>>> print(open('upload_30.txt').read())   # compact mmCIF, C-alpha atoms and all ligand atoms
# COMPACT_ATOMS: atom_id res chain seq x y z
CA MET A 1 -21.68 -19.20 1.70
CA SER A 2 -20.35 -16.11 -0.04
CA ALA A 3 -16.95 -14.85 1.06
CA LEU A 4 -18.43 -11.79 2.78
CA ALA A 5 -21.87 -10.65 3.86
CA VAL A 6 -21.51 -6.94 3.11
CA PRO A 7 -23.91 -5.42 0.59
CA THR A 8 -22.46 -2.60 -1.48
CA PRO A 9 -23.28 0.57 0.47
CA PRO A 10 -25.00 3.48 -1.34
CA TYR A 11 -21.82 5.59 -1.62
CA MET A 12 -20.18 2.79 -3.67
CA GLN A 13 -23.21 2.21 -5.91
CA ASP A 14 -22.16 4.05 -9.02
CA GLU A 15 -22.21 2.83 -12.60
CA SER A 16 -18.90 4.52 -13.37
CA LEU A 17 -17.26 2.50 -10.57
CA GLU A 18 -18.58 -0.70 -12.11
CA ILE A 19 -17.31 0.27 -15.55
CA PHE A 20 -13.90 1.13 -14.10
CA ALA A 21 -13.79 -2.17 -12.17
CA ARG A 22 -14.56 -4.15 -15.32
CA SER A 23 -11.98 -2.33 -17.39
CA ALA A 24 -9.31 -2.69 -14.66
CA GLY A 25 -10.20 -6.37 -14.34
CA ARG A 26 -9.77 -6.92 -18.08
CA PHE A 27 -6.39 -5.19 -18.06
CA LEU A 28 -5.19 -7.25 -15.11
CA ASP A 29 -6.47 -10.49 -16.66
CA ASP A 30 -4.46 -9.69 -19.79
CA HIS A 31 -1.26 -8.63 -18.06
CA CYS A 32 -1.14 -10.09 -14.55
CA GLY A 33 -1.76 -13.80 -14.94
CA PRO A 34 -0.26 -16.37 -12.54
CA GLU A 35 2.80 -16.88 -14.77
CA GLU A 36 3.59 -13.17 -14.93
CA LEU A 37 3.06 -12.81 -11.19
CA ALA A 38 5.42 -15.70 -10.47
CA ALA A 39 8.06 -14.22 -12.80
CA TRP A 40 7.89 -10.84 -11.05
CA ARG A 41 8.32 -12.47 -7.65
CA LYS A 42 11.43 -14.17 -8.99
CA ALA A 43 12.76 -10.95 -10.53
CA GLY A 44 12.00 -8.89 -7.41
CA SER A 45 9.88 -6.27 -9.17
CA SER A 46 7.10 -5.64 -11.63
CA PRO A 47 8.28 -4.73 -15.16
CA PRO A 48 8.61 -0.94 -15.79
CA ASP A 49 6.90 -1.41 -19.15
CA LEU A 50 3.77 -2.65 -17.43
CA TRP A 51 3.45 0.68 -15.61
CA LYS A 52 3.29 2.47 -18.96
CA LYS A 53 0.64 0.03 -20.17
CA ALA A 54 -1.34 0.56 -16.96
CA GLY A 55 -1.02 4.31 -17.50
CA ALA A 56 -2.29 4.01 -21.06
CA ALA A 57 -5.22 1.94 -19.77
CA GLY A 58 -6.16 4.73 -17.33
CA LEU A 59 -5.29 2.85 -14.13
CA LEU A 60 -2.71 5.26 -12.69
CA GLY A 61 -3.40 8.46 -10.80
CA VAL A 62 -7.15 8.28 -11.27
CA THR A 63 -7.70 11.00 -8.65
CA VAL A 64 -5.24 13.43 -10.27
CA PRO A 65 -7.14 16.45 -11.68
CA PRO A 66 -7.83 16.32 -15.43
CA GLU A 67 -5.66 19.39 -16.14
CA TYR A 68 -2.66 17.27 -15.12
CA GLY A 69 -3.71 14.19 -17.07
CA GLY A 70 -5.76 12.32 -14.46
CA ALA A 71 -9.43 11.41 -14.36
CA GLY A 72 -10.28 13.74 -11.46
CA ALA A 73 -11.99 10.79 -9.75
CA ASP A 74 -12.22 10.20 -6.00
CA PHE A 75 -10.74 7.64 -3.61
CA ARG A 76 -13.52 5.09 -4.32
CA PHE A 77 -11.86 4.36 -7.65
CA GLU A 78 -8.59 3.53 -5.93
CA ALA A 79 -10.49 1.19 -3.61
CA VAL A 80 -12.12 -0.58 -6.54
CA LEU A 81 -8.73 -0.98 -8.24
CA ILE A 82 -7.30 -2.48 -5.04
CA GLU A 83 -10.13 -5.04 -5.04
CA GLN A 84 -9.39 -5.97 -8.64
CA LEU A 85 -5.67 -6.38 -7.92
CA ALA A 86 -6.34 -8.49 -4.83
CA ALA A 87 -8.82 -10.75 -6.62
CA ARG A 88 -5.89 -11.78 -8.86
CA ASN A 89 -3.33 -11.96 -6.05
CA ALA A 90 -1.62 -9.05 -7.82
CA LEU A 91 -1.24 -6.55 -4.96
CA ASN A 92 2.53 -6.76 -5.48
CA PHE A 93 1.94 -4.48 -8.48
CA ALA A 94 2.22 -1.40 -6.29
CA ILE A 95 -0.15 0.95 -8.12
CA PRO A 96 -1.95 1.91 -4.87
CA LEU A 97 1.33 3.14 -3.34
CA HIS A 98 2.16 5.23 -6.41
CA SER A 99 -1.35 6.58 -7.05
CA ALA A 100 -3.24 6.67 -3.77
CA VAL A 101 -0.40 7.24 -1.30
CA ILE A 102 2.26 9.33 -3.06
CA LEU A 103 0.62 11.36 -5.83
CA PRO A 104 -1.75 13.13 -3.38
CA TYR A 105 1.32 14.83 -1.87
CA ILE A 106 2.05 16.49 -5.21
CA VAL A 107 -1.60 17.28 -5.91
CA GLU A 108 -2.05 18.82 -2.46
CA TYR A 109 1.29 20.47 -1.76
CA GLY A 110 3.06 20.86 -5.12
CA THR A 111 3.65 24.17 -6.86
CA GLU A 112 2.08 24.65 -10.28
CA ALA A 113 5.48 23.93 -11.87
CA GLN A 114 5.89 20.70 -9.85
CA LYS A 115 2.39 19.53 -10.76
CA CYS A 116 2.98 20.20 -14.47
CA ARG A 117 6.34 18.50 -14.36
CA TYR A 118 5.44 15.35 -12.44
CA LEU A 119 1.74 14.55 -12.56
CA PRO A 120 1.18 13.90 -16.30
CA SER A 121 4.18 11.56 -16.48
CA ALA A 122 3.10 9.80 -13.26
CA VAL A 123 -0.37 9.24 -14.71
CA ALA A 124 1.22 7.88 -17.90
CA GLY A 125 3.42 5.47 -15.91
CA GLU A 126 6.58 7.11 -17.25
CA THR A 127 7.56 8.35 -13.80
CA ILE A 128 7.20 5.81 -11.01
CA PHE A 129 7.22 7.25 -7.50
CA ALA A 130 8.54 6.12 -4.13
CA ILE A 131 8.40 7.83 -0.74
CA ALA A 132 11.40 7.64 1.60
CA MET A 133 10.85 8.30 5.28
CA THR A 134 12.35 5.31 7.11
CA GLU A 135 16.04 5.16 8.00
CA PRO A 136 18.14 2.35 9.48
CA SER A 137 17.87 3.91 12.93
CA ALA A 138 14.54 5.75 12.59
CA GLY A 139 11.33 4.03 11.55
CA SER A 140 8.58 4.40 14.12
CA ASP A 141 10.36 7.42 15.56
CA LEU A 142 10.48 9.48 12.37
CA GLN A 143 11.59 12.57 14.22
CA GLY A 144 14.84 10.74 14.93
CA MET A 145 15.81 10.74 11.24
CA LYS A 146 19.39 11.74 10.48
CA THR A 147 19.21 12.61 6.78
CA THR A 148 19.91 16.32 6.40
CA ALA A 149 19.12 18.88 3.72
CA VAL A 150 21.30 21.95 4.11
CA ARG A 151 20.67 25.16 2.19
CA ASP A 152 23.56 26.26 0.01
CA GLY A 153 22.71 29.33 -2.04
CA ASP A 154 19.58 28.50 -4.02
CA ASP A 155 20.15 24.75 -3.61
CA PHE A 156 19.82 22.11 -0.91
CA VAL A 157 22.55 19.55 -0.30
CA ILE A 158 21.23 16.23 1.02
CA ASN A 159 23.26 13.65 2.94
CA GLY A 160 21.94 10.50 4.54
CA GLN A 161 20.36 7.13 3.99
CA LYS A 162 16.89 5.57 3.77
CA THR A 163 15.85 1.94 4.02
CA PHE A 164 12.97 -0.43 3.15
CA ILE A 165 11.83 1.87 0.32
CA SER A 166 9.07 0.30 -1.79
CA ASN A 167 9.21 1.01 -5.54
CA GLY A 168 12.77 2.10 -4.71
CA LEU A 169 14.35 0.25 -7.61
CA LEU A 170 11.85 1.32 -10.27
CA ALA A 171 11.31 4.87 -9.06
CA SER A 172 12.52 7.75 -11.16
CA THR A 173 11.41 10.28 -8.55
CA VAL A 174 11.38 9.85 -4.78
CA ILE A 175 9.76 12.05 -2.16
CA VAL A 176 12.52 12.25 0.44
CA ALA A 177 12.00 13.39 4.03
CA ALA A 178 15.05 15.17 5.46
CA LYS A 179 15.95 17.50 8.30
CA THR A 180 16.33 21.11 7.29
CA ASN A 181 16.75 22.13 10.93
CA SER A 182 18.18 19.50 13.25
CA SER A 183 17.22 21.34 16.44
CA ALA A 184 13.58 22.09 15.58
CA GLY A 185 12.10 18.60 16.21
CA ALA A 186 9.05 17.88 14.04
CA LYS A 187 9.22 21.41 12.62
CA GLY A 188 12.71 20.70 11.27
CA ILE A 189 11.59 18.09 8.71
CA SER A 190 10.96 18.96 5.04
CA LEU A 191 9.98 16.95 1.96
CA PHE A 192 11.83 17.04 -1.37
CA LEU A 193 11.13 15.77 -4.87
CA VAL A 194 14.34 14.00 -5.81
CA ASP A 195 15.00 12.70 -9.32
CA THR A 196 16.97 9.50 -9.12
CA ASN A 197 19.44 10.56 -11.83
CA THR A 198 20.76 13.33 -9.56
CA PRO A 199 24.50 12.99 -8.89
CA GLY A 200 25.01 11.75 -5.32
CA PHE A 201 21.88 9.54 -5.41
CA GLU A 202 22.52 5.80 -5.13
CA ARG A 203 20.36 2.72 -4.59
CA GLY A 204 21.39 -0.44 -2.83
CA PRO A 205 20.56 -3.88 -4.25
CA LEU A 206 17.08 -5.39 -3.88
CA LEU A 207 16.35 -6.39 -0.31
CA HIS A 208 15.21 -10.01 0.00
CA LYS A 209 11.94 -10.17 1.89
CA MET A 210 9.73 -12.76 3.55
CA GLY A 211 6.91 -11.88 1.11
CA GLN A 212 5.77 -9.23 -1.36
CA GLU A 213 8.77 -10.25 -3.41
CA ALA A 214 7.54 -8.50 -6.54
CA ARG A 215 7.43 -5.11 -4.79
CA ASP A 216 10.97 -3.84 -5.21
CA THR A 217 12.36 -2.71 -1.86
CA VAL A 218 15.79 -1.10 -1.53
CA GLU A 219 18.02 1.19 0.50
CA LEU A 220 18.76 4.68 -0.81
CA PHE A 221 21.93 6.68 -0.21
CA PHE A 222 22.48 10.40 -0.66
CA SER A 223 25.97 11.82 -0.57
CA ASP A 224 26.40 15.54 -1.16
CA MET A 225 23.36 15.29 -3.42
CA ARG A 226 22.67 18.81 -4.67
CA ILE A 227 19.08 19.59 -5.63
CA PRO A 228 17.58 22.93 -6.64
CA GLY A 229 15.55 24.95 -4.14
CA ASP A 230 12.41 24.39 -6.19
CA ALA A 231 12.59 20.67 -5.40
CA LEU A 232 11.22 21.50 -1.96
CA LEU A 233 7.66 20.13 -1.67
CA GLY A 234 5.42 22.39 0.39
CA GLU A 235 6.89 24.76 2.94
CA GLU A 236 10.27 24.28 4.59
CA GLY A 237 9.77 22.70 8.04
CA GLU A 238 6.25 21.49 7.17
CA GLY A 239 7.27 17.96 6.11
CA PHE A 240 6.25 16.18 9.29
CA ALA A 241 2.89 17.97 9.37
CA MET A 242 2.26 16.99 5.71
CA LEU A 243 3.10 13.36 6.51
CA MET A 244 0.73 13.39 9.47
CA ARG A 245 -2.06 14.89 7.35
CA ASN A 246 -1.66 12.29 4.58
CA LEU A 247 -0.93 9.17 6.64
CA PRO A 248 -4.65 8.51 7.41
CA GLN A 249 -5.25 7.96 3.68
CA GLU A 250 -2.17 5.71 3.46
CA ARG A 251 -3.58 3.69 6.37
CA LEU A 252 -6.90 3.27 4.58
CA VAL A 253 -5.07 2.13 1.45
CA ILE A 254 -3.41 -0.56 3.59
CA ALA A 255 -6.76 -1.47 5.18
CA TRP A 256 -8.46 -1.76 1.77
CA GLN A 257 -5.64 -4.01 0.57
CA ALA A 258 -5.99 -6.12 3.73
CA VAL A 259 -9.76 -6.55 3.36
CA ALA A 260 -9.46 -7.30 -0.35
CA MET A 261 -6.79 -9.91 0.39
CA ILE A 262 -9.02 -11.43 3.09
CA GLU A 263 -11.87 -11.74 0.57
CA ALA A 264 -9.56 -13.41 -1.94
CA ALA A 265 -8.24 -15.76 0.77
CA LEU A 266 -11.73 -16.75 1.93
CA THR A 267 -12.92 -17.31 -1.63
CA ALA A 268 -9.92 -19.56 -2.34
CA THR A 269 -10.37 -21.43 0.94
CA LEU A 270 -14.09 -22.00 0.46
CA GLY A 271 -13.37 -23.44 -2.96
CA TYR A 272 -10.72 -25.69 -1.47
CA VAL A 273 -12.72 -27.07 1.48
CA ARG A 274 -15.62 -27.89 -0.85
CA GLU A 275 -13.36 -29.87 -3.18
CA ARG A 276 -10.98 -31.59 -0.82
CA LYS A 277 -12.04 -34.77 0.99
CA ALA A 278 -10.73 -36.47 4.15
CA PHE A 279 -12.26 -39.47 5.92
CA GLY A 280 -14.64 -39.72 2.96
CA ARG A 281 -16.16 -36.30 3.66
CA GLN A 282 -15.75 -32.82 2.24
CA LEU A 283 -13.53 -30.70 4.51
CA LEU A 284 -16.43 -28.26 4.77
CA ASP A 285 -18.56 -31.01 6.36
CA PHE A 286 -16.42 -30.94 9.50
CA GLN A 287 -17.97 -28.71 12.10
CA ASN A 288 -14.51 -27.33 12.93
CA SER A 289 -14.13 -26.08 9.34
CA GLN A 290 -17.57 -24.50 9.46
CA PHE A 291 -16.95 -22.81 12.81
CA LYS A 292 -13.52 -21.53 11.82
CA LEU A 293 -14.87 -20.14 8.55
CA ALA A 294 -17.85 -18.66 10.37
CA GLU A 295 -15.42 -16.82 12.67
CA CYS A 296 -13.39 -15.64 9.67
CA LYS A 297 -16.47 -14.45 7.81
CA THR A 298 -17.67 -12.56 10.89
CA ASP A 299 -14.30 -10.82 11.39
CA ALA A 300 -14.06 -10.02 7.69
CA THR A 301 -17.58 -8.62 7.60
CA ILE A 302 -16.91 -6.38 10.61
CA ALA A 303 -13.66 -5.25 8.99
CA LYS A 304 -15.34 -4.30 5.73
CA VAL A 305 -18.24 -2.47 7.36
CA PHE A 306 -15.81 -0.39 9.43
CA LEU A 307 -13.67 0.19 6.35
CA HIS A 308 -16.67 1.59 4.49
CA HIS A 309 -17.43 3.84 7.47
CA CYS A 310 -13.84 5.17 7.40
CA THR A 311 -13.87 5.60 3.62
CA GLU A 312 -17.05 7.65 3.73
CA ARG A 313 -15.39 9.85 6.34
CA LEU A 314 -12.24 10.13 4.22
CA LEU A 315 -14.36 11.25 1.27
CA ALA A 316 -16.14 13.77 3.50
CA GLY A 317 -12.79 15.09 4.80
CA THR A 318 -13.58 14.07 8.39
CA LEU A 319 -11.37 10.99 8.86
CA ASP A 320 -9.14 11.65 11.88
CA ALA A 321 -5.77 10.04 12.60
CA ALA A 322 -7.09 7.88 15.47
CA THR A 323 -9.94 6.34 13.46
CA ALA A 324 -7.67 5.65 10.46
CA SER A 325 -5.24 4.01 12.90
CA MET A 326 -8.06 1.79 14.25
CA ALA A 327 -8.78 0.63 10.70
CA LYS A 328 -5.13 -0.09 9.90
CA TYR A 329 -4.45 -1.85 13.23
CA TRP A 330 -7.64 -3.88 13.64
CA ILE A 331 -8.08 -4.91 10.03
CA THR A 332 -4.47 -6.00 9.49
CA GLU A 333 -4.59 -8.03 12.73
CA ALA A 334 -7.80 -9.68 11.46
CA GLN A 335 -6.05 -10.29 8.13
CA GLY A 336 -3.26 -12.13 9.96
CA ARG A 337 -5.68 -14.31 11.94
CA ILE A 338 -7.92 -15.11 8.99
CA ILE A 339 -5.20 -15.93 6.50
CA ASP A 340 -3.42 -18.09 9.06
CA GLN A 341 -6.66 -20.04 9.48
CA CYS A 342 -7.06 -20.31 5.71
CA VAL A 343 -3.59 -21.86 5.45
CA GLN A 344 -4.54 -24.38 8.15
CA LEU A 345 -7.67 -25.42 6.25
CA HIS A 346 -5.55 -26.01 3.14
CA GLY A 347 -3.39 -28.50 5.06
CA GLY A 348 0.04 -29.18 3.54
CA TYR A 349 -1.00 -27.56 0.27
CA GLY A 350 -1.43 -24.28 2.13
CA TYR A 351 2.28 -24.37 2.89
CA MET A 352 3.21 -24.83 -0.76
CA ASP A 353 4.06 -21.73 -2.74
CA GLU A 354 2.14 -22.82 -5.80
CA TYR A 355 -1.02 -22.18 -3.79
CA PRO A 356 -1.86 -18.44 -3.61
CA ILE A 357 -2.82 -18.79 0.06
CA SER A 358 0.82 -19.48 0.93
CA GLN A 359 1.91 -16.27 -0.85
CA MET A 360 -0.89 -14.30 0.80
CA TYR A 361 0.25 -15.53 4.22
CA ARG A 362 3.77 -14.21 3.59
CA ASP A 363 2.59 -11.02 1.90
CA ALA A 364 0.15 -10.25 4.72
CA ARG A 365 2.82 -10.20 7.43
CA GLY A 366 4.24 -6.88 6.30
CA TYR A 367 0.91 -5.10 6.75
CA ARG A 368 1.16 -5.06 10.53
CA ILE A 369 4.59 -3.40 10.31
CA TYR A 370 4.63 -0.81 7.55
CA GLY A 371 2.56 2.34 7.21
CA GLY A 372 3.30 2.66 10.93
CA ALA A 373 3.66 -0.48 13.08
CA ASN A 374 0.40 -1.49 14.75
CA GLU A 375 1.83 -0.53 18.14
CA ILE A 376 2.20 3.02 16.82
CA MET A 377 -1.45 2.87 15.68
CA LYS A 378 -2.40 2.07 19.28
CA LEU A 379 -0.36 5.06 20.51
CA LEU A 380 -2.31 7.31 18.13
CA ILE A 381 -5.62 5.80 19.23
CA ALA A 382 -4.66 6.15 22.89
CA ARG A 383 -4.03 9.87 22.38
CA SER A 384 -7.72 10.24 21.52
CA LEU A 385 -8.92 8.61 24.76
C1 LIG A 401 7.87 -4.39 3.08
C2 LIG A 401 8.12 -3.03 3.65
C3 LIG A 401 7.95 -1.91 2.85
C4 LIG A 401 8.19 -0.63 3.36
N1 LIG A 401 8.10 0.46 2.54
C5 LIG A 401 8.45 1.69 3.00
C6 LIG A 401 8.46 2.82 2.13
O1 LIG A 401 8.12 2.73 0.95
N2 LIG A 401 8.87 4.02 2.63
C7 LIG A 401 9.25 4.17 3.93
O2 LIG A 401 9.61 5.27 4.31
N3 LIG A 401 9.25 3.10 4.79
C8 LIG A 401 8.87 1.87 4.34
N4 LIG A 401 8.87 0.78 5.20
C9 LIG A 401 9.32 0.97 6.57
C10 LIG A 401 8.23 0.84 7.61
O3 LIG A 401 7.35 1.93 7.56
C11 LIG A 401 8.92 0.69 8.97
O4 LIG A 401 9.56 -0.58 8.96
C12 LIG A 401 7.96 0.78 10.15
O5 LIG A 401 7.46 2.08 10.28
C13 LIG A 401 8.64 0.38 11.46
O6 LIG A 401 9.87 1.04 11.63
P1 LIG A 401 11.19 0.18 12.00
O7 LIG A 401 11.30 -0.92 11.02
O8 LIG A 401 12.34 1.11 12.12
O9 LIG A 401 10.89 -0.46 13.38
P2 LIG A 401 11.17 0.17 14.84
O10 LIG A 401 10.79 1.58 14.86
O11 LIG A 401 12.55 -0.19 15.23
O12 LIG A 401 10.16 -0.66 15.72
C14 LIG A 401 10.28 -2.08 15.87
C15 LIG A 401 9.09 -2.56 16.66
O13 LIG A 401 9.13 -2.00 17.95
C16 LIG A 401 7.83 -1.72 18.41
N5 LIG A 401 7.75 -0.29 18.75
C17 LIG A 401 8.43 0.75 18.20
N6 LIG A 401 8.09 1.90 18.78
C18 LIG A 401 7.18 1.62 19.73
C19 LIG A 401 6.46 2.38 20.69
N7 LIG A 401 6.60 3.71 20.78
N8 LIG A 401 5.62 1.74 21.51
C20 LIG A 401 5.45 0.40 21.44
N9 LIG A 401 6.11 -0.38 20.56
C21 LIG A 401 6.96 0.21 19.71
C22 LIG A 401 6.88 -2.13 17.29
O14 LIG A 401 6.44 -3.46 17.54
C23 LIG A 401 7.74 -2.11 16.07
O15 LIG A 401 7.29 -3.01 15.06
C24 LIG A 401 8.59 -0.49 4.71
C25 LIG A 401 8.73 -1.62 5.52
C26 LIG A 401 8.49 -2.87 5.00
C27 LIG A 401 8.65 -4.07 5.90
>>> encode(input="upload_30.txt", output="structure tokens", more="lines below")
Ligand SMILES: Cc1cc2nc3c(=O)[nH]c(=O)nc-3n(C[C@H](O)[C@H](O)[C@H](O)COP(=O)(O)OP(=O)(O)OC[C@H]3O[C@@H](n4cnc5c(N)ncnc54)[C@H](O)[C@@H]3O)c2cc1C
Amino acid sequence: MSALAVPTPPYMQDESLEIFARSAGRFLDDHCGPEELAAWRKAGSSPPDLWKKAGAAGLLGVTVPPEYGGAGADFRFEAVLIEQLAARNALNFAIPLHSAVILPYIVEYGTEAQKCRYLPSAVAGETIFAIAMTEPSAGSDLQGMKTTAVRDGDDFVINGQKTFISNGLLASTVIVAAKTNSSAGAKGISLFLVDTNTPGFERGPLLHKMGQEARDTVELFFSDMRIPGDALLGEEGEGFAMLMRNLPQERLVIAWQAVAMIEAALTATLGYVRERKAFGRQLLDFQNSQFKLAECKTDATIAKVFLHHCTERLLAGTLDAATASMAKYWITEAQGRIIDQCVQLHGGYGYMDEYPISQMYRDARGYRIYGGANEIMKLLIARSL
């Protein structure tokens, strides 16, 4: 039994994708072995140096246009990279967040000067990006954010706080969402490109998490942080609209990571149940194991087929918020069910951290919460009824 029964659809059949997958795989084999991955989990982040190596190997910002240093490729390449990371249990190396979630904001909304300043160094791995929306008292309800950006002459002065920010420790530039007009609701939110060496910018210590320990997550604090007017990304008051336009792609990035993790989990579990014996039989000989894995394979296959459907629509520019929310919600719920079952089939070993399935179980739990909690996905889907 193969892990999944999904043939590669025509839109993913492309020799350049295969070449990219092989080259990414080689890089990850050389730099992201089990020992390195364990060390990063202990340290709480991936090493900044590795980002530069990944940049030199052409793994960062592959969709950035060539005039700004990228390969001018499309989202399929990001998907292939996600699969390569997941196959090595290396999704904690948060390239997809940097490249496929954050850089599109600069490509799509940046001025020429902002693109020239940030994109080449992001592609080279010299600038690592984070995006800061969530606050201690405003996560799902982003419009309730309290961070303010007040115009003062040509500058903006930012005050406030963000929390749970991925890449927050390593980042040298953060896209910060702040209120430029506190009485204008969604139209009062703007986005800013904030360099982390700006006076008034501070990071809290690493937050200790249930999983994804090698993805650095911190709080950010801004106190009378003065930034120039040209740090505004896009139009003033358009921040919320930009977030809403780009969140469907972020949700597909999460869904691709979830499906790729499911495939890795099923592959590991199939290997395990073929090897391990109880009552003188292979674990896979028990009908319960077969039925449970049959259910998992069915769910995973449905997830991947739907994911391909959504990705084709993303590439065609027709992926709407409700459909992207269905992918994020349904696939991450399936991920939770499947990986839980995989742990069960590993028995006590599944509970031991030296087995990747235990780490996947902990890592997977965040997927149903971030990128918009799954309940918020259902709200967005319900609006399309
Ligand atoms: C590991 C990790 C990394 C993250 N990285 C980032 C990052 O890089 N940048 C960033 O900006 N944020 C990041 N986040 C924050 C994440 O996006 C938020 O945690 C998430 O959107 C939920 O917001 P909240 O935590 O404030 O929960 P709340 O908004 O307080 O919601 C708590 C729960 O209440 C329920 N709920 C809330 N509203 C509704 C509703 N209207 N209807 C029904 N149920 C509801 C949901 O079950 C939800 O999970 C990260 C979070 C985690 C855990």
>>> residues_around(input="upload_30.txt", residues="A:Met225", least_positions_apart="3", cutoff="6 Å", atoms="all atoms listed in the file", output="VMD selection string")
chain A and resid 157 to 158 200 222
>>> axis_aligned_box(input="upload_30.txt", around="ligand LIG 401 (chain A)", padding_each_side="6 Å", output="lines of an AutoDock Vina configuration file")
center_x = 9.0
center_y = 0.4
center_z = 11.2
size_x = 19.1
size_y = 21.7
size_z = 32.6
>>> closest_residue(input="upload_30.txt", among="A:Gly229, A:Gly234, A:Pro199, A:Gly168", to="ligand LIG 401 (chain A)", atoms="all atoms listed in the file")
A:Gly168
>>> residues_around(input="upload_30.txt", residues="stretch 249-256 of chain A", least_positions_apart="4", cutoff="8 Å", atoms="only C-alpha atoms", output="short mmCIF file (atom, residue, chain, number, x, y, z; two decimals) with C-alpha atoms, keeping the file's coordinate frame")
data_model
loop_
_atom_site.label_atom_id
_atom_site.label_comp_id
_atom_site.auth_asym_id
_atom_site.auth_seq_id
_atom_site.Cartn_x
_atom_site.Cartn_y
_atom_site.Cartn_z
CA ALA A 79 -10.49 1.19 -3.61
CA ILE A 82 -7.30 -2.48 -5.04
CA GLU A 83 -10.13 -5.04 -5.04
CA PRO A 96 -1.95 1.91 -4.87
CA ALA A 100 -3.24 6.67 -3.77
CA VAL A 101 -0.40 7.24 -1.30
CA ALA A 260 -9.46 -7.30 -0.35
CA LEU A 307 -13.67 0.19 6.35
CA CYS A 310 -13.84 5.17 7.40
CA THR A 311 -13.87 5.60 3.62
CA LEU A 314 -12.24 10.13 4.22
CA ALA A 324 -7.67 5.65 10.46
CA SER A 325 -5.24 4.01 12.90
CA ALA A 327 -8.78 0.63 10.70
CA LYS A 328 -5.13 -0.09 9.90
CA ILE A 331 -8.08 -4.91 10.03
CA THR A 332 -4.47 -6.00 9.49
CA TYR A 367 0.91 -5.10 6.75
CA GLY A 371 2.56 2.34 7.21
#
>>> residues_near_ligand(input="upload_30.txt", ligand="ligand LIG 401 (chain A)", cutoff="9 Å", atoms="all atoms listed in the file", output="PDB file with C-alpha atoms, keeping the file's coordinate frame")
ATOM      1  CA  LEU A  97       1.330   3.140  -3.340  1.00  0.00           C
ATOM      2  CA  ALA A 130       8.540   6.120  -4.130  1.00  0.00           C
ATOM      3  CA  ILE A 131       8.400   7.830  -0.740  1.00  0.00           C
ATOM      4  CA  ALA A 132      11.400   7.640   1.600  1.00  0.00           C
ATOM      5  CA  MET A 133      10.850   8.300   5.280  1.00  0.00           C
ATOM      6  CA  THR A 134      12.350   5.310   7.110  1.00  0.00           C
ATOM      7  CA  GLU A 135      16.040   5.160   8.000  1.00  0.00           C
ATOM      8  CA  PRO A 136      18.140   2.350   9.480  1.00  0.00           C
ATOM      9  CA  SER A 137      17.870   3.910  12.930  1.00  0.00           C
ATOM     10  CA  ALA A 138      14.540   5.750  12.590  1.00  0.00           C
ATOM     11  CA  GLY A 139      11.330   4.030  11.550  1.00  0.00           C
ATOM     12  CA  SER A 140       8.580   4.400  14.120  1.00  0.00           C
ATOM     13  CA  ASP A 141      10.360   7.420  15.560  1.00  0.00           C
ATOM     14  CA  LEU A 142      10.480   9.480  12.370  1.00  0.00           C
ATOM     15  CA  LYS A 162      16.890   5.570   3.770  1.00  0.00           C
ATOM     16  CA  THR A 163      15.850   1.940   4.020  1.00  0.00           C
ATOM     17  CA  PHE A 164      12.970  -0.430   3.150  1.00  0.00           C
ATOM     18  CA  ILE A 165      11.830   1.870   0.320  1.00  0.00           C
ATOM     19  CA  SER A 166       9.070   0.300  -1.790  1.00  0.00           C
ATOM     20  CA  ASN A 167       9.210   1.010  -5.540  1.00  0.00           C
ATOM     21  CA  GLY A 168      12.770   2.100  -4.710  1.00  0.00           C
ATOM     22  CA  VAL A 176      12.520  12.250   0.440  1.00  0.00           C
ATOM     23  CA  ALA A 177      12.000  13.390   4.030  1.00  0.00           C
ATOM     24  CA  LYS A 209      11.940 -10.170   1.890  1.00  0.00           C
ATOM     25  CA  MET A 210       9.730 -12.760   3.550  1.00  0.00           C
ATOM     26  CA  GLY A 211       6.910 -11.880   1.110  1.00  0.00           C
ATOM     27  CA  GLN A 212       5.770  -9.230  -1.360  1.00  0.00           C
ATOM     28  CA  GLU A 213       8.770 -10.250  -3.410  1.00  0.00           C
ATOM     29  CA  ARG A 215       7.430  -5.110  -4.790  1.00  0.00           C
ATOM     30  CA  ASP A 216      10.970  -3.840  -5.210  1.00  0.00           C
ATOM     31  CA  THR A 217      12.360  -2.710  -1.860  1.00  0.00           C
ATOM     32  CA  VAL A 218      15.790  -1.100  -1.530  1.00  0.00           C
ATOM     33  CA  ASP A 363       2.590 -11.020   1.900  1.00  0.00           C
ATOM     34  CA  ARG A 365       2.820 -10.200   7.430  1.00  0.00           C
ATOM     35  CA  GLY A 366       4.240  -6.880   6.300  1.00  0.00           C
ATOM     36  CA  TYR A 367       0.910  -5.100   6.750  1.00  0.00           C
ATOM     37  CA  ARG A 368       1.160  -5.060  10.530  1.00  0.00           C
ATOM     38  CA  ILE A 369       4.590  -3.400  10.310  1.00  0.00           C
ATOM     39  CA  TYR A 370       4.630  -0.810   7.550  1.00  0.00           C
ATOM     40  CA  GLY A 371       2.560   2.340   7.210  1.00  0.00           C
ATOM     41  CA  GLY A 372       3.300   2.660  10.930  1.00  0.00           C
ATOM     42  CA  ALA A 373       3.660  -0.480  13.080  1.00  0.00           C
ATOM     43  CA  ASN A 374       0.400  -1.490  14.750  1.00  0.00           C
ATOM     44  CA  GLU A 375       1.830  -0.530  18.140  1.00  0.00           C
ATOM     45  CA  ILE A 376       2.200   3.020  16.820  1.00  0.00           C
ATOM     46  CA  LYS A 378      -2.400   2.070  19.280  1.00  0.00           C
ATOM     47  CA  LEU A 379      -0.360   5.060  20.510  1.00  0.00           C
TER      48      LEU A 379
END
